[in-house]
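Student: Sharing input38.pdb (PDB, C-alpha atoms and all ligand atoms) below.
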```
ATOM      1  CA  MET A 359      -1.078   4.527  27.466  1.00  0.00           C
ATOM      2  CA  ASP A 360       2.610   3.614  26.938  1.00  0.00           C
ATOM      3  CA  SER A 361       2.929   1.823  30.289  1.00  0.00           C
ATOM      4  CA  LEU A 362      -0.054  -0.390  29.401  1.00  0.00           C
ATOM      5  CA  LEU A 363       1.091  -0.905  25.821  1.00  0.00           C
ATOM      6  CA  VAL A 364       4.521  -2.251  26.771  1.00  0.00           C
ATOM      7  CA  GLU A 365       2.816  -4.979  28.831  1.00  0.00           C
ATOM      8  CA  CYS A 366       0.504  -6.102  25.993  1.00  0.00           C
ATOM      9  CA  ARG A 367       0.564  -9.846  25.185  1.00  0.00           C
ATOM     10  CA  ALA A 368      -2.513 -10.041  22.957  1.00  0.00           C
ATOM     11  CA  CYS A 369      -0.806 -11.667  19.932  1.00  0.00           C
ATOM     12  CA  PRO A 370       0.687 -15.062  20.906  1.00  0.00           C
ATOM     13  CA  ARG A 371       2.830 -15.448  17.756  1.00  0.00           C
ATOM     14  CA  LEU A 372       4.365 -11.979  18.110  1.00  0.00           C
ATOM     15  CA  VAL A 373       4.938 -12.313  21.851  1.00  0.00           C
ATOM     16  CA  GLU A 374       6.799 -15.584  21.258  1.00  0.00           C
ATOM     17  CA  TRP A 375       8.867 -14.078  18.422  1.00  0.00           C
ATOM     18  CA  ARG A 376       9.799 -10.758  20.066  1.00  0.00           C
ATOM     19  CA  GLU A 377      10.877 -12.563  23.249  1.00  0.00           C
ATOM     20  CA  ARG A 378      12.736 -15.366  21.469  1.00  0.00           C
ATOM     21  CA  VAL A 379      14.739 -12.865  19.395  1.00  0.00           C
ATOM     22  CA  ALA A 380      15.564 -10.930  22.557  1.00  0.00           C
ATOM     23  CA  ARG A 381      16.673 -14.092  24.391  1.00  0.00           C
ATOM     24  CA  GLU A 382      18.811 -15.344  21.528  1.00  0.00           C
ATOM     25  CA  LYS A 383      20.438 -11.992  20.691  1.00  0.00           C
ATOM     26  CA  ARG A 384      20.883 -10.612  24.198  1.00  0.00           C
ATOM     27  CA  ALA A 385      24.408 -12.064  24.472  1.00  0.00           C
ATOM     28  CA  ALA A 386      25.533 -10.190  21.360  1.00  0.00           C
ATOM     29  CA  PHE A 387      24.419  -6.881  22.913  1.00  0.00           C
ATOM     30  CA  ARG A 388      25.638  -7.503  26.441  1.00  0.00           C
ATOM     31  CA  ASP A 389      26.154  -3.793  27.190  1.00  0.00           C
ATOM     32  CA  GLU A 390      22.543  -2.820  26.604  1.00  0.00           C
ATOM     33  CA  GLU A 391      19.060  -3.953  27.567  1.00  0.00           C
ATOM     34  CA  TYR A 392      17.488  -5.906  24.674  1.00  0.00           C
ATOM     35  CA  TRP A 393      13.940  -4.548  24.715  1.00  0.00           C
ATOM     36  CA  GLY A 394      11.898  -7.493  23.345  1.00  0.00           C
ATOM     37  CA  ARG A 395       8.510  -5.890  24.149  1.00  0.00           C
ATOM     38  CA  PRO A 396       5.896  -3.743  22.361  1.00  0.00           C
ATOM     39  CA  VAL A 397       7.436  -0.499  21.078  1.00  0.00           C
ATOM     40  CA  PRO A 398       5.436   2.678  21.844  1.00  0.00           C
ATOM     41  CA  GLY A 399       5.122   5.666  19.527  1.00  0.00           C
ATOM     42  CA  PHE A 400       7.997   8.155  19.686  1.00  0.00           C
ATOM     43  CA  GLY A 401       7.700  11.940  19.695  1.00  0.00           C
ATOM     44  CA  PRO A 402       5.436  14.569  21.240  1.00  0.00           C
ATOM     45  CA  THR A 403       1.796  13.666  21.915  1.00  0.00           C
ATOM     46  CA  ASP A 404       0.743  17.095  20.658  1.00  0.00           C
ATOM     47  CA  ALA A 405       2.419  16.569  17.286  1.00  0.00           C
ATOM     48  CA  ALA A 406       1.038  18.151  14.122  1.00  0.00           C
ATOM     49  CA  LEU A 407       2.622  15.489  11.895  1.00  0.00           C
ATOM     50  CA  LEU A 408       2.453  11.719  12.332  1.00  0.00           C
ATOM     51  CA  ILE A 409       4.629   9.190  10.499  1.00  0.00           C
ATOM     52  CA  VAL A 410       3.148   5.691  10.338  1.00  0.00           C
ATOM     53  CA  GLY A 411       5.366   2.705   9.540  1.00  0.00           C
ATOM     54  CA  LEU A 412       4.614  -1.011   9.608  1.00  0.00           C
ATOM     55  CA  ALA A 413       6.006  -2.741  12.725  1.00  0.00           C
ATOM     56  CA  PRO A 414       9.231  -2.753  14.785  1.00  0.00           C
ATOM     57  CA  ALA A 415      12.202  -4.533  13.208  1.00  0.00           C
ATOM     58  CA  ALA A 416      13.486  -7.566  15.134  1.00  0.00           C
ATOM     59  CA  HIS A 417      16.987  -6.158  15.667  1.00  0.00           C
ATOM     60  CA  GLY A 418      16.130  -2.446  15.429  1.00  0.00           C
ATOM     61  CA  ALA A 419      13.233  -1.125  17.505  1.00  0.00           C
ATOM     62  CA  ASN A 420      12.683  -4.535  19.138  1.00  0.00           C
ATOM     63  CA  ARG A 421      16.246  -4.244  20.451  1.00  0.00           C
ATOM     64  CA  THR A 422      16.342  -0.553  21.410  1.00  0.00           C
ATOM     65  CA  GLY A 423      12.697   0.004  22.410  1.00  0.00           C
ATOM     66  CA  ARG A 424      12.288   3.118  20.227  1.00  0.00           C
ATOM     67  CA  MET A 425      10.643   3.387  16.829  1.00  0.00           C
ATOM     68  CA  PHE A 426      13.048   3.044  13.859  1.00  0.00           C
ATOM     69  CA  THR A 427      16.066   3.129  16.163  1.00  0.00           C
ATOM     70  CA  GLY A 428      19.152   0.980  15.743  1.00  0.00           C
ATOM     71  CA  ASP A 429      18.876  -0.287  12.158  1.00  0.00           C
ATOM     72  CA  ARG A 430      19.408   0.802   8.566  1.00  0.00           C
ATOM     73  CA  SER A 431      15.774   1.724   7.959  1.00  0.00           C
ATOM     74  CA  GLY A 432      15.916   4.103  10.891  1.00  0.00           C
ATOM     75  CA  ASP A 433      19.258   5.550   9.748  1.00  0.00           C
ATOM     76  CA  PHE A 434      17.604   6.344   6.416  1.00  0.00           C
ATOM     77  CA  LEU A 435      14.417   7.785   7.917  1.00  0.00           C
ATOM     78  CA  TYR A 436      16.063   9.992  10.552  1.00  0.00           C
ATOM     79  CA  ALA A 437      18.582  11.360   8.060  1.00  0.00           C
ATOM     80  CA  ALA A 438      15.660  12.390   5.830  1.00  0.00           C
ATOM     81  CA  MET A 439      13.752  13.819   8.809  1.00  0.00           C
ATOM     82  CA  TYR A 440      16.808  15.825   9.837  1.00  0.00           C
ATOM     83  CA  GLU A 441      17.094  17.237   6.315  1.00  0.00           C
ATOM     84  CA  ALA A 442      13.400  18.159   6.430  1.00  0.00           C
ATOM     85  CA  GLY A 443      13.875  19.949   9.774  1.00  0.00           C
ATOM     86  CA  LEU A 444      11.834  17.424  11.755  1.00  0.00           C
ATOM     87  CA  ALA A 445      14.594  15.856  13.877  1.00  0.00           C
ATOM     88  CA  SER A 446      17.392  17.294  16.000  1.00  0.00           C
ATOM     89  CA  GLN A 447      20.032  14.948  14.571  1.00  0.00           C
ATOM     90  CA  PRO A 448      20.381  12.610  11.588  1.00  0.00           C
ATOM     91  CA  THR A 449      21.157   9.485  13.615  1.00  0.00           C
ATOM     92  CA  ALA A 450      19.263   7.274  16.064  1.00  0.00           C
ATOM     93  CA  THR A 451      21.171   4.671  18.011  1.00  0.00           C
ATOM     94  CA  ARG A 452      19.383   4.143  21.333  1.00  0.00           C
ATOM     95  CA  ILE A 453      17.074   5.734  23.889  1.00  0.00           C
ATOM     96  CA  GLY A 454      19.035   8.579  25.486  1.00  0.00           C
ATOM     97  CA  ASP A 455      21.062   9.428  22.366  1.00  0.00           C
ATOM     98  CA  GLY A 456      19.712  12.999  22.409  1.00  0.00           C
ATOM     99  CA  LEU A 457      17.373  12.643  19.450  1.00  0.00           C
ATOM    100  CA  GLU A 458      14.327  14.915  19.550  1.00  0.00           C
ATOM    101  CA  LEU A 459      11.514  15.175  17.032  1.00  0.00           C
ATOM    102  CA  PHE A 460      10.032  18.559  16.208  1.00  0.00           C
ATOM    103  CA  GLY A 461       6.217  18.588  16.085  1.00  0.00           C
ATOM    104  CA  THR A 462       6.330  15.035  14.771  1.00  0.00           C
ATOM    105  CA  ARG A 463       5.485  11.621  16.189  1.00  0.00           C
ATOM    106  CA  ILE A 464       6.319   8.209  14.746  1.00  0.00           C
ATOM    107  CA  THR A 465       4.215   5.113  15.298  1.00  0.00           C
ATOM    108  CA  SER A 466       3.194   1.874  13.633  1.00  0.00           C
ATOM    109  CA  PRO A 467      -0.061  -0.062  13.280  1.00  0.00           C
ATOM    110  CA  VAL A 468       1.607  -3.148  14.813  1.00  0.00           C
ATOM    111  CA  HIS A 469       3.711  -2.540  17.923  1.00  0.00           C
ATOM    112  CA  CYS A 470       5.576  -5.864  18.138  1.00  0.00           C
ATOM    113  CA  ALA A 471       8.237  -7.214  15.793  1.00  0.00           C
ATOM    114  CA  PRO A 472       6.772  -9.838  13.434  1.00  0.00           C
ATOM    115  CA  PRO A 473       8.706 -12.714  11.832  1.00  0.00           C
ATOM    116  CA  ALA A 474       9.951 -11.681   8.345  1.00  0.00           C
ATOM    117  CA  ASN A 475       8.473  -8.210   8.975  1.00  0.00           C
ATOM    118  CA  LYS A 476       5.055  -9.607   8.071  1.00  0.00           C
ATOM    119  CA  PRO A 477       2.244  -9.230  10.582  1.00  0.00           C
ATOM    120  CA  THR A 478      -0.973 -11.099   9.835  1.00  0.00           C
ATOM    121  CA  VAL A 479      -4.270  -9.328   9.246  1.00  0.00           C
ATOM    122  CA  THR A 480      -5.476 -10.665  12.608  1.00  0.00           C
ATOM    123  CA  GLU A 481      -2.418  -9.179  14.351  1.00  0.00           C
ATOM    124  CA  ARG A 482      -2.964  -5.847  12.611  1.00  0.00           C
ATOM    125  CA  ASP A 483      -6.586  -5.821  13.716  1.00  0.00           C
ATOM    126  CA  THR A 484      -5.706  -6.903  17.256  1.00  0.00           C
ATOM    127  CA  CYS A 485      -3.290  -3.982  17.554  1.00  0.00           C
ATOM    128  CA  ARG A 486      -5.758  -1.463  16.124  1.00  0.00           C
ATOM    129  CA  GLY A 487      -7.020  -0.392  19.541  1.00  0.00           C
ATOM    130  CA  TRP A 488      -3.591   1.035  20.394  1.00  0.00           C
ATOM    131  CA  LEU A 489      -3.481   3.044  17.177  1.00  0.00           C
ATOM    132  CA  GLU A 490      -6.989   4.318  17.872  1.00  0.00           C
ATOM    133  CA  GLN A 491      -5.902   5.506  21.308  1.00  0.00           C
ATOM    134  CA  GLU A 492      -2.855   7.228  19.839  1.00  0.00           C
ATOM    135  CA  LEU A 493      -4.954   8.984  17.206  1.00  0.00           C
ATOM    136  CA  ALA A 494      -7.433  10.109  19.860  1.00  0.00           C
ATOM    137  CA  LEU A 495      -4.525  11.592  21.816  1.00  0.00           C
ATOM    138  CA  LEU A 496      -3.064  13.378  18.777  1.00  0.00           C
ATOM    139  CA  SER A 497      -6.355  14.338  17.192  1.00  0.00           C
ATOM    140  CA  PRO A 498      -6.607  17.949  18.557  1.00  0.00           C
ATOM    141  CA  THR A 499      -3.243  18.972  17.059  1.00  0.00           C
ATOM    142  CA  LEU A 500      -2.793  16.568  14.147  1.00  0.00           C
ATOM    143  CA  ARG A 501      -2.766  18.164  10.683  1.00  0.00           C
ATOM    144  CA  ALA A 502      -0.867  15.710   8.451  1.00  0.00           C
ATOM    145  CA  VAL A 503       0.182  12.064   8.256  1.00  0.00           C
ATOM    146  CA  VAL A 504       2.909  10.414   6.183  1.00  0.00           C
ATOM    147  CA  VAL A 505       2.298   6.690   5.748  1.00  0.00           C
ATOM    148  CA  LEU A 506       5.292   4.535   4.884  1.00  0.00           C
ATOM    149  CA  GLY A 507       3.989   1.713   2.699  1.00  0.00           C
ATOM    150  CA  GLY A 508       0.699   0.116   1.740  1.00  0.00           C
ATOM    151  CA  PHE A 509       0.314  -1.960   4.913  1.00  0.00           C
ATOM    152  CA  GLY A 510       0.268   1.128   7.118  1.00  0.00           C
ATOM    153  CA  TRP A 511      -2.053   2.908   4.673  1.00  0.00           C
ATOM    154  CA  GLN A 512      -4.632   0.106   4.788  1.00  0.00           C
ATOM    155  CA  ALA A 513      -4.335  -0.149   8.562  1.00  0.00           C
ATOM    156  CA  LEU A 514      -4.706   3.568   9.146  1.00  0.00           C
ATOM    157  CA  LEU A 515      -7.739   4.476   7.009  1.00  0.00           C
ATOM    158  CA  PRO A 516     -10.381   2.816   9.248  1.00  0.00           C
ATOM    159  CA  VAL A 517      -8.690   4.334  12.302  1.00  0.00           C
ATOM    160  CA  LEU A 518      -8.937   7.809  10.760  1.00  0.00           C
ATOM    161  CA  THR A 519     -12.633   7.226  10.131  1.00  0.00           C
ATOM    162  CA  ALA A 520     -13.094   6.195  13.771  1.00  0.00           C
ATOM    163  CA  ALA A 521     -11.162   9.298  14.849  1.00  0.00           C
ATOM    164  CA  GLY A 522     -13.630  11.559  13.040  1.00  0.00           C
ATOM    165  CA  TRP A 523     -12.216  12.262   9.570  1.00  0.00           C
ATOM    166  CA  VAL A 524     -14.099  11.425   6.387  1.00  0.00           C
ATOM    167  CA  VAL A 525     -12.309   8.880   4.191  1.00  0.00           C
ATOM    168  CA  PRO A 526     -13.726   8.986   0.649  1.00  0.00           C
ATOM    169  CA  SER A 527     -15.293   5.940  -0.951  1.00  0.00           C
ATOM    170  CA  PRO A 528     -13.798   4.198  -2.842  1.00  0.00           C
ATOM    171  CA  ARG A 529     -10.870   4.450  -0.458  1.00  0.00           C
ATOM    172  CA  PRO A 530      -7.851   6.371  -1.765  1.00  0.00           C
ATOM    173  CA  LYS A 531      -5.114   4.061  -3.044  1.00  0.00           C
ATOM    174  CA  PHE A 532      -1.623   3.974  -1.593  1.00  0.00           C
ATOM    175  CA  GLY A 533       1.265   5.070  -3.789  1.00  0.00           C
ATOM    176  CA  HIS A 534       4.476   7.012  -3.381  1.00  0.00           C
ATOM    177  CA  GLY A 535       3.474  10.664  -3.641  1.00  0.00           C
ATOM    178  CA  ALA A 536      -0.236   9.900  -3.141  1.00  0.00           C
ATOM    179  CA  SER A 537      -1.999  12.632  -1.225  1.00  0.00           C
ATOM    180  CA  VAL A 538      -5.541  13.236  -0.080  1.00  0.00           C
ATOM    181  CA  THR A 539      -7.160  15.709   2.288  1.00  0.00           C
ATOM    182  CA  LEU A 540      -9.748  14.317   4.681  1.00  0.00           C
ATOM    183  CA  PRO A 541     -12.384  16.711   6.031  1.00  0.00           C
ATOM    184  CA  SER A 542     -13.622  16.464   9.595  1.00  0.00           C
ATOM    185  CA  ALA A 543     -16.860  14.466   9.918  1.00  0.00           C
ATOM    186  CA  THR A 544     -18.411  17.066  12.211  1.00  0.00           C
ATOM    187  CA  GLY A 545     -16.457  20.182  11.276  1.00  0.00           C
ATOM    188  CA  GLU A 546     -15.070  20.301  14.817  1.00  0.00           C
ATOM    189  CA  LYS A 547     -11.469  19.606  13.888  1.00  0.00           C
ATOM    190  CA  ALA A 548      -9.065  20.635  11.160  1.00  0.00           C
ATOM    191  CA  PRO A 549      -8.897  18.678   7.895  1.00  0.00           C
ATOM    192  CA  LEU A 550      -6.167  16.048   7.794  1.00  0.00           C
ATOM    193  CA  HIS A 551      -3.623  15.861   4.962  1.00  0.00           C
ATOM    194  CA  LEU A 552      -2.568  12.296   4.201  1.00  0.00           C
ATOM    195  CA  PHE A 553       0.578  11.474   2.187  1.00  0.00           C
ATOM    196  CA  GLY A 554       1.957   8.156   0.905  1.00  0.00           C
ATOM    197  CA  CYS A 555       5.671   7.337   0.813  1.00  0.00           C
ATOM    198  CA  TYR A 556       7.353   4.034   0.015  1.00  0.00           C
ATOM    199  CA  HIS A 557       8.518   2.268   3.157  1.00  0.00           C
ATOM    200  CA  VAL A 558      12.113   2.986   4.209  1.00  0.00           C
ATOM    201  CA  SER A 559      12.976  -0.745   4.296  1.00  0.00           C
ATOM    202  CA  GLN A 560      16.259  -1.825   2.741  1.00  0.00           C
ATOM    203  CA  GLN A 561      14.235  -3.619   0.065  1.00  0.00           C
ATOM    204  CA  ASN A 562      13.313  -0.155  -1.236  1.00  0.00           C
ATOM    205  CA  THR A 563      16.343   1.920  -0.261  1.00  0.00           C
ATOM    206  CA  PHE A 564      19.053  -0.515  -1.400  1.00  0.00           C
ATOM    207  CA  THR A 565      17.399  -0.991  -4.773  1.00  0.00           C
ATOM    208  CA  GLY A 566      16.997   2.743  -5.352  1.00  0.00           C
ATOM    209  CA  ARG A 567      13.206   2.456  -5.500  1.00  0.00           C
ATOM    210  CA  LEU A 568      13.185   4.989  -2.678  1.00  0.00           C
ATOM    211  CA  THR A 569      15.946   7.602  -2.406  1.00  0.00           C
ATOM    212  CA  ARG A 570      16.621   9.977   0.437  1.00  0.00           C
ATOM    213  CA  GLU A 571      15.692  12.904  -1.799  1.00  0.00           C
ATOM    214  CA  MET A 572      12.289  11.313  -2.525  1.00  0.00           C
ATOM    215  CA  THR A 573      11.681  10.757   1.189  1.00  0.00           C
ATOM    216  CA  THR A 574      12.800  14.234   2.194  1.00  0.00           C
ATOM    217  CA  ALA A 575      10.546  15.743  -0.485  1.00  0.00           C
ATOM    218  CA  VAL A 576       7.444  13.970   0.898  1.00  0.00           C
ATOM    219  CA  LEU A 577       8.379  14.910   4.463  1.00  0.00           C
ATOM    220  CA  ARG A 578       8.883  18.573   3.534  1.00  0.00           C
ATOM    221  CA  THR A 579       5.516  18.723   1.769  1.00  0.00           C
ATOM    222  CA  ALA A 580       3.800  17.067   4.728  1.00  0.00           C
ATOM    223  CA  ALA A 581       5.570  19.338   7.231  1.00  0.00           C
ATOM    224  CA  GLN A 582       4.353  22.366   5.309  1.00  0.00           C
ATOM    225  CA  ALA A 583       0.791  20.994   5.250  1.00  0.00           C
ATOM    226  CA  ALA A 584       1.061  20.434   9.017  1.00  0.00           C
ATOM    227  CA  GLY A 585       2.174  24.039   9.552  1.00  0.00           C
ATOM    228  CA  LEU A 586       5.641  23.054  10.784  1.00  0.00           C
TER     229      LEU A 586
HETATM  230 FE1  LIG B 601      -0.274  -6.171  21.760  1.00  0.00          FE
HETATM  231 FE2  LIG B 601      -0.050  -4.917  19.431  1.00  0.00          FE
HETATM  232 FE3  LIG B 601       1.960  -6.402  20.331  1.00  0.00          FE
HETATM  233 FE4  LIG B 601      -0.291  -7.561  19.493  1.00  0.00          FE
HETATM  234  S1  LIG B 601       1.161  -6.370  18.225  1.00  0.00           S
HETATM  235  S2  LIG B 601       0.869  -8.059  21.355  1.00  0.00           S
HETATM  236  S3  LIG B 601      -1.852  -6.062  20.158  1.00  0.00           S
HETATM  237  S4  LIG B 601       1.153  -4.520  21.259  1.00  0.00           S
END
```
Represent the supplied structure as structure tokens.

Tutor:
Amino acid sequence: MDSLLVECRACPRLVEWRERVAREKRAAFRDEEYWGRPVPGFGPTDAALLIVGLAPAAHGANRTGRMFTGDRSGDFLYAAMYEAGLASQPTATRIGDGLELFGTRITSPVHCAPPANKPTVTERDTCRGWLEQELALLSPTLRAVVVLGGFGWQALLPVLTAAGWVVPSPRPKFGHGASVTLPSATGEKAPLHLFGCYHVSQQNTFTGRLTREMTTAVLRTAAQAAGL
């Protein structure tokens, strides 16, 4: 799946943006390859816990080619994951830095960096097929999901339905600390525990709306629900 994903060019606006940023910034990062392509999910494909963000950041994951790697949002997230026992180290600088995730995978509903971190609804829907494939892959072992922000929450719910979990109607609302357990539609798989957490963007972390303690607390609860 990853080798096909990194070649995807289905969203013209995002393809133009991710490649333009890479072209313009490559000189400033001469010692490394500036990725500038779709960013695949990171972590084991038999994970029990999935973390769902929004989209790669232009100078973070779009530069390094790994989810939440190389920017302040990632620094915040991996430090919290390390505290919760889900990562081997609190820092993430580049592919090959030794970081390992324990029973946890990180992905996003949009795999290419969008201008101003704002994908359109059409781009979200165009990218849905990749998220569906990832969920299908994880589905046998997946027990819990932490969604960072309302965009990811809205994007994920229909994918969970397609993957065979029952999403209640009306749909559960996103909020920090929101949690809901989704039963299997057929009884063939384990129920899925879904948790909401504010996104780890600087907009939230610099203003104190989201602290590391708050993030670690959600991750610990989700890890426990996932049996980690
Ligand atoms: Fe392809 Fe998703 Fe990137 Fe669109 S956002 S080009 S669907 S990988």

Student: I'd like to know which of A:Phe564, A:Phe460, A:Phe426, A:Trp511 is closest to Gly401 in chain A, using only C-alpha atoms.

Tutor: A:Phe460

Student: Using all atoms listed in the file, which of A:Arg376, A:Asp433, A:Gly456, A:Gly394 sits nearest Thr563 in chain A?

Tutor: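 Checking each of A:Arg376, A:Asp433, A:Gly456, A:Gly394 against Thr563 in chain A, counting all atoms listed in the file, the winner is A:Asp433.
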
Student: Write as number ranges by chain the residues around ligand LIG 601 (chain B), taking 6 Å as the cut-off and counting only C-alpha atoms and all ligand atoms.

Tutor: A: 363, 366-369, 373, 396, 468-470, 481, 484-485

Student: Would you mind telling me which residue in A:Gly507, A:Pro398, A:Pro414, A:Pro498 lies nearest to Ser542 in chain A when using all atoms listed in the file?

Tutor: A:Pro498

Student: Between A:Arg395, A:Arg482, A:Tyr436, A:Glu382, single out the one closest to Ser361 in chain A, counting all atoms listed in the file.

Tutor: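 Smallest distance to Ser361 in chain A is found for A:Arg395.
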
Student: What's the separation between CA of Glu458 in chain A and CA of Leu444 in chain A, in Å to one decimal place?

Tutor: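 Computing the Euclidean distance for CA of Glu458 in chain A and CA of Leu444 in chain A yields 8.6 Å.
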
Student: Exactly which residues make up the result of the PyMOL selection byres (((chain A and resi 525) around 12) and not hetatm) on this file, given as a list of chain:residue names?

Tutor: A:Trp511, A:Gln512, A:Leu514, A:Leu515, A:Pro516, A:Val517, A:Leu518, A:Thr519, A:Ala520, A:Ala521, A:Gly522, A:Trp523, A:Val524, A:Pro526, A:Ser527, A:Pro528, A:Arg529, A:Pro530, A:Lys531, A:Val538, A:Thr539, A:Leu540, A:Pro541, A:Ser542, A:Ala543, A:Pro549, A:Leu550, A:His551, A:Leu552

Student: Could those residues be written to a file, using C-alpha atoms, as a PDB file, in the coordinates of the input?

Tutor:
```
ATOM      1  CA  TRP A 511      -2.053   2.908   4.673  1.00  0.00           C
ATOM      2  CA  GLN A 512      -4.632   0.106   4.788  1.00  0.00           C
ATOM      3  CA  LEU A 514      -4.706   3.568   9.146  1.00  0.00           C
ATOM      4  CA  LEU A 515      -7.739   4.476   7.009  1.00  0.00           C
ATOM      5  CA  PRO A 516     -10.381   2.816   9.248  1.00  0.00           C
ATOM      6  CA  VAL A 517      -8.690   4.334  12.302  1.00  0.00           C
ATOM      7  CA  LEU A 518      -8.937   7.809  10.760  1.00  0.00           C
ATOM      8  CA  THR A 519     -12.633   7.226  10.131  1.00  0.00           C
ATOM      9  CA  ALA A 520     -13.094   6.195  13.771  1.00  0.00           C
ATOM     10  CA  ALA A 521     -11.162   9.298  14.849  1.00  0.00           C
ATOM     11  CA  GLY A 522     -13.630  11.559  13.040  1.00  0.00           C
ATOM     12  CA  TRP A 523     -12.216  12.262   9.570  1.00  0.00           C
ATOM     13  CA  VAL A 524     -14.099  11.425   6.387  1.00  0.00           C
ATOM     14  CA  PRO A 526     -13.726   8.986   0.649  1.00  0.00           C
ATOM     15  CA  SER A 527     -15.293   5.940  -0.951  1.00  0.00           C
ATOM     16  CA  PRO A 528     -13.798   4.198  -2.842  1.00  0.00           C
ATOM     17  CA  ARG A 529     -10.870   4.450  -0.458  1.00  0.00           C
ATOM     18  CA  PRO A 530      -7.851   6.371  -1.765  1.00  0.00           C
ATOM     19  CA  LYS A 531      -5.114   4.061  -3.044  1.00  0.00           C
ATOM     20  CA  VAL A 538      -5.541  13.236  -0.080  1.00  0.00           C
ATOM     21  CA  THR A 539      -7.160  15.709   2.288  1.00  0.00           C
ATOM     22  CA  LEU A 540      -9.748  14.317   4.681  1.00  0.00           C
ATOM     23  CA  PRO A 541     -12.384  16.711   6.031  1.00  0.00           C
ATOM     24  CA  SER A 542     -13.622  16.464   9.595  1.00  0.00           C
ATOM     25  CA  ALA A 543     -16.860  14.466   9.918  1.00  0.00           C
ATOM     26  CA  PRO A 549      -8.897  18.678   7.895  1.00  0.00           C
ATOM     27  CA  LEU A 550      -6.167  16.048   7.794  1.00  0.00           C
ATOM     28  CA  HIS A 551      -3.623  15.861   4.962  1.00  0.00           C
ATOM     29  CA  LEU A 552      -2.568  12.296   4.201  1.00  0.00           C
TER      30      LEU A 552
END
```

Student: What is the CA of Thr451 in chain A-CA of Arg578 in chain A distance in Å, reported with one decimal?

Tutor: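 That distance, rounded to one decimal, is 23.5 Å.
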
Student: Convert the output of the PyMOL selection byres (((chain A and resi 573) around 9) and not hetatm) on the shown file into explicit residues, formatted as a PyMOL selection string.

Tutor: chain A and resi 435+438-439+555-556+558+568-572+574-578

Student: Just to be explicit: take each residue in the selection above, keep C-alpha atoms, and write the result as a PDB file, in the coordinates of the input.

Tutor:
```pdb
ATOM      1  CA  LEU A 435      14.417   7.785   7.917  1.00  0.00           C
ATOM      2  CA  ALA A 438      15.660  12.390   5.830  1.00  0.00           C
ATOM      3  CA  MET A 439      13.752  13.819   8.809  1.00  0.00           C
ATOM      4  CA  CYS A 555       5.671   7.337   0.813  1.00  0.00           C
ATOM      5  CA  TYR A 556       7.353   4.034   0.015  1.00  0.00           C
ATOM      6  CA  VAL A 558      12.113   2.986   4.209  1.00  0.00           C
ATOM      7  CA  LEU A 568      13.185   4.989  -2.678  1.00  0.00           C
ATOM      8  CA  THR A 569      15.946   7.602  -2.406  1.00  0.00           C
ATOM      9  CA  ARG A 570      16.621   9.977   0.437  1.00  0.00           C
ATOM     10  CA  GLU A 571      15.692  12.904  -1.799  1.00  0.00           C
ATOM     11  CA  MET A 572      12.289  11.313  -2.525  1.00  0.00           C
ATOM     12  CA  THR A 574      12.800  14.234   2.194  1.00  0.00           C
ATOM     13  CA  ALA A 575      10.546  15.743  -0.485  1.00  0.00           C
ATOM     14  CA  VAL A 576       7.444  13.970   0.898  1.00  0.00           C
ATOM     15  CA  LEU A 577       8.379  14.910   4.463  1.00  0.00           C
ATOM     16  CA  ARG A 578       8.883  18.573   3.534  1.00  0.00           C
TER      17      ARG A 578
END
```

Student: Would you write out, as an NGL selection string, every residue that the PyMOL selection byres (((chain A and resi 406-411) around 8) and not hetatm) captures in this file?

Tutor: :A and (404-405 or 412-413 or 461-467 or 496 or 499-507 or 510 or 557 or 580-581 or 584-586)
